[in-house]
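Participant: Structure below; questions to follow.
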Amino acid sequence: MTDERPARTLVVGAGQAGISLVTALRELGDTAPVVLVGDEPEPPYERPPLSKSYLRGEHDRASLVFHDEGWFADRGVELVTGDAVVGIERDIASGRATTTSGRTLEFDRLALTTGAANRTLPVAEEHHESEGGSASPGATPGLHSIRTLADADRLAPELRRAREVVVVGGGFIGLEIAAGARLLGADVTVVEVAPRLLDRAVSPELAEAVRLAHERRGTRVLLQTGAVRVVVENGRAAGIELTDGTTLPADVVVVGIGVVPRTELAAQLGLVVEPRGIVVDRSALASDGATVAAGDCAVGPNPFRRGLGGLTRLESVAHATDQARAAAAALAGHPAAYDSVPWFWSDQGDLRLQMAGLPHGADRTVLRGDVATERFSLLSYRDGLLIAVESVGSPGDYLAVKRALEKGMTIEADAAVDATVPLKRLITEAPARDPS
């Protein structure tokens with residue numbers, strides 16, 4: 001008699017990619033048992049508000065949670081929280097995982113949605129010679145980073161009381177927190193080692209516009225300025241020591257200097273990994289052809305690099321959701337290429353950025369609107385082809401370009417310059433490419 005037991009699926013990581021993968025499996029009609037394991041004590045929840053509205057008290061904890069216990073029970077999903085997977089062994093057909101608590105989880109299909117961990121800065125008592133190592137979130141009062149709900153819960157009350165806040169890192173998370181701190185009345189300084197904000201994430205034109213917008217709101221921005229370590233006085237973070245030897249005083253220090261993909265389990269399995277993450281193909285399959293990976297832990301091809309080639313690692317809700325859907329399809333036995341248009345948004349106080357496509361490698365940028373009024377769009381082109389839009393206060397432009405990219409269409413650059421003409425009227429067929 002053949003074994004007709006349905007294939008058991010283990011999903012390691014209960015963030016955006018994990019919950020999206022489980023949801024997609026059920027939408028695809030897959031009814032096999034699923035175990036979703038998360039190392040946080042909370043059920044899966046939305047992360048974007050953590051660095052924005054949640055810090056300002058505009059969301060309660062319950063409003064962030066994706067689903068109640070009944071949702072998981074109705075779909076035959078066992079949710080394990082507060083218990084991390086620490087070891088996995090498998091062959092192509094099946095495997096076994098162990099958790100911190102000593103639990104054993106057997107599986108037939110495996111998905112890694114393990115996310116990433118925040119980078120840290122060295123911490124030392126002022127005037128001491130030894131750096132003393134790196135601080136973990138919550139280990140030093142006044143020192144914070146945001147990745148989890150617990151991180152946000154620690155930061156929120158301190159931010160409301162703070163007079164001086166130093167944010168190390170001029171990426172999206174750092175700038176969102178900086179904007180929130182200004183709205184709460186603190187004096188804020190952003191320290192960025194790169195020559196511009198949002199380095200490598202947006203076009204130089206948008207980076208400069210964002211810098212000016214934050215400075216108009218009273219935030220001090222220090223570019224090409226390195227942070228050496230966190231200064232601690234009387235057991236509490238008191239500022240940041242800079243590479244020039246000076247110290248920026250602060251009541252609250254927030255570190256947002258990027259993340260490290262969590263690839264330890266993938267390495268245990270002998271999967272191909274690189275510093276940017278677990279290497280996957282367009283179907284989200286890892287190098288063994290059986291395990292899938294999605295979200296912040298994975299790096300793979302993206303067709304919207306428009307001929308630049310190479311692997312791309314994205315950090316966004318849209319990417320985690322769409323790549324997880326591709327991973328679910330692969331597990332369900334009918335793989336489909338992940339080819340969604342990358343899109344992203346960032347609310348930095350009252351400044352809303354919306355982006356679609358990838359501006360990397362652009363050879364022309366078209367400005368629509370007026371940067372000074374904070375209502376404008378930047379359209380990026382390469383070889384005459386539209387590849388991205390970055391909009392501030394111009395949702396119509398953003399939506400028009402996003403839809404054009406999704407349909408494989410374009411907008412002629414010279415026509416796009418006239419901001420009085422809606423972009424949706426200018427969408428045309430993209431010119432055929434010479435296959436040679």
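Residue numbering restarts at 1 in every chain; chains get A, B, ... in the order shown in the structure tokens, and ligands count up from 1 in that same order.
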Using only C-alpha atoms, determine which residues lie at most 12 Å from Val80 in chain A, disregarding the query and same-chain residues fewer than 6 positions distant; provide the list as a list in words.
Facilitator: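 Once the nearby chain positions are removed, what remains is Leu10, Val11, Val12, Gly13, Ala14, Val34, Val35, Leu36, Val37, Gly38, Asp39, Glu40, Pro41, Glu42, Pro43, Pro44, Glu69, Phe72, Thr99, Thr100, Ser101, Arg103 and Leu105 of chain A.
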Participant: With C-alpha atoms kept, could you save the residues just selected as a tab-separated table (two decimals), in the first residue's frame?
Facilitator:
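part.tsv, freshly written:
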```tsv
chain	number	residue	atom	x	y	z
A	10	LEU	CA	7.48	23.64	7.73
A	11	VAL	CA	7.75	27.41	7.38
A	12	VAL	CA	10.60	28.85	9.46
A	13	GLY	CA	9.97	32.52	10.18
A	14	ALA	CA	6.61	34.13	10.94
A	34	VAL	CA	1.54	23.43	7.81
A	35	VAL	CA	3.62	24.43	10.83
A	36	LEU	CA	4.60	28.10	10.96
A	37	VAL	CA	7.35	28.81	13.49
A	38	GLY	CA	8.29	32.27	14.78
A	39	ASP	CA	10.85	33.18	17.41
A	40	GLU	CA	8.85	36.16	18.69
A	41	PRO	CA	6.10	35.55	21.28
A	42	GLU	CA	3.56	37.49	19.18
A	43	PRO	CA	1.55	36.07	16.30
A	44	PRO	CA	2.47	37.41	12.83
A	69	GLU	CA	-6.13	32.05	16.44
A	72	PHE	CA	-4.96	29.46	11.70
A	99	THR	CA	13.77	24.23	18.27
A	100	THR	CA	15.21	26.10	21.21
A	101	SER	CA	12.75	24.37	23.54
A	103	ARG	CA	10.79	20.32	20.16
A	105	LEU	CA	9.30	19.07	13.87
```
Participant: Show me, as a VMD selection string, the residues that have an atom within 9 Å of Thr31 in chain A when counting only C-alpha atoms, minus same-chain residues fewer than 5 positions from it.
Facilitator: chain A and resid 6 25 to 26 75 to 76
Participant: Using only C-alpha atoms, please write the residues we just selected to a file, as an mmCIF file, in the first residue's frame.
Facilitator:
```
data_model
loop_
_atom_site.group_PDB
_atom_site.id
_atom_site.type_symbol
_atom_site.label_atom_id
_atom_site.label_comp_id
_atom_site.auth_asym_id
_atom_site.auth_seq_id
_atom_site.Cartn_x
_atom_site.Cartn_y
_atom_site.Cartn_z
ATOM 1 C CA PRO A 6 -0.153 14.632 2.658
ATOM 2 C CA LEU A 25 -0.540 27.903 -0.111
ATOM 3 C CA ARG A 26 -4.129 27.829 1.042
ATOM 4 C CA ARG A 75 -6.871 26.550 7.731
ATOM 5 C CA GLY A 76 -5.082 23.675 9.381
#
```
Participant: With distances taken over only C-alpha atoms, which of A:Ser145, A:Gln268, A:Ser377, A:Ser20 is nearest to Ala294 in chain A?
Facilitator: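 The closest residue to Ala294 in chain A is A:Ser20.
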Participant: Counting only C-alpha atoms, which of A:Ala150, A:Ala293, A:Ala178, A:Leu379 gets nearest to Ala320 in chain A?
Facilitator: A:Ala293
Participant: Using only C-alpha atoms, find the one residue out of A:Ala24, A:Ala186, A:Ala326, A:Leu353 that sits nearest to Ser340 in chain A.
Facilitator: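 Result for the nearest residue to Ser340 in chain A: A:Ala326.
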Participant: How would you write, as a ChimeraX atom specification, the set of residues in range 383-423 of chain A that DSSP gives as strand (DSSP E or B)?
Facilitator: /A:385-392,409-411
Participant: Any chance you can output those residues with C-alpha atoms as a PDB file, in the first residue's frame?
Facilitator:
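And here is the file that came out, result.pdb:
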```pdb
ATOM      1  CA  LEU A 385      12.996  52.840 -21.648  1.00  0.00           C
ATOM      2  CA  LEU A 386      11.113  53.796 -18.489  1.00  0.00           C
ATOM      3  CA  ILE A 387      12.466  51.783 -15.539  1.00  0.00           C
ATOM      4  CA  ALA A 388      11.212  53.507 -12.372  1.00  0.00           C
ATOM      5  CA  VAL A 389       9.268  56.311 -10.741  1.00  0.00           C
ATOM      6  CA  GLU A 390       9.952  58.033  -7.424  1.00  0.00           C
ATOM      7  CA  SER A 391       7.124  60.283  -6.286  1.00  0.00           C
ATOM      8  CA  VAL A 392       6.712  62.682  -3.389  1.00  0.00           C
ATOM      9  CA  MET A 409       4.726  49.592 -21.344  1.00  0.00           C
ATOM     10  CA  THR A 410       6.558  52.894 -21.206  1.00  0.00           C
ATOM     11  CA  ILE A 411       6.113  56.699 -21.224  1.00  0.00           C
TER      12      ILE A 411
END
```
Participant: At a cut-off of 8 Å, using only C-alpha atoms, what residues contact range 152-158 of chain A? Leave out same-chain residues fewer than 2 positions from it and give the result as a list in words.
Facilitator: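 Listing them by chain and then by number gives Leu50, Ser51, Tyr54, Leu55, Arg56, Gly57, Gly138, Gly142, His144, Ile146, Arg147, Thr148, Leu149, Ala150, Arg160, Arg161, Ala162 and Val252 of chain A.
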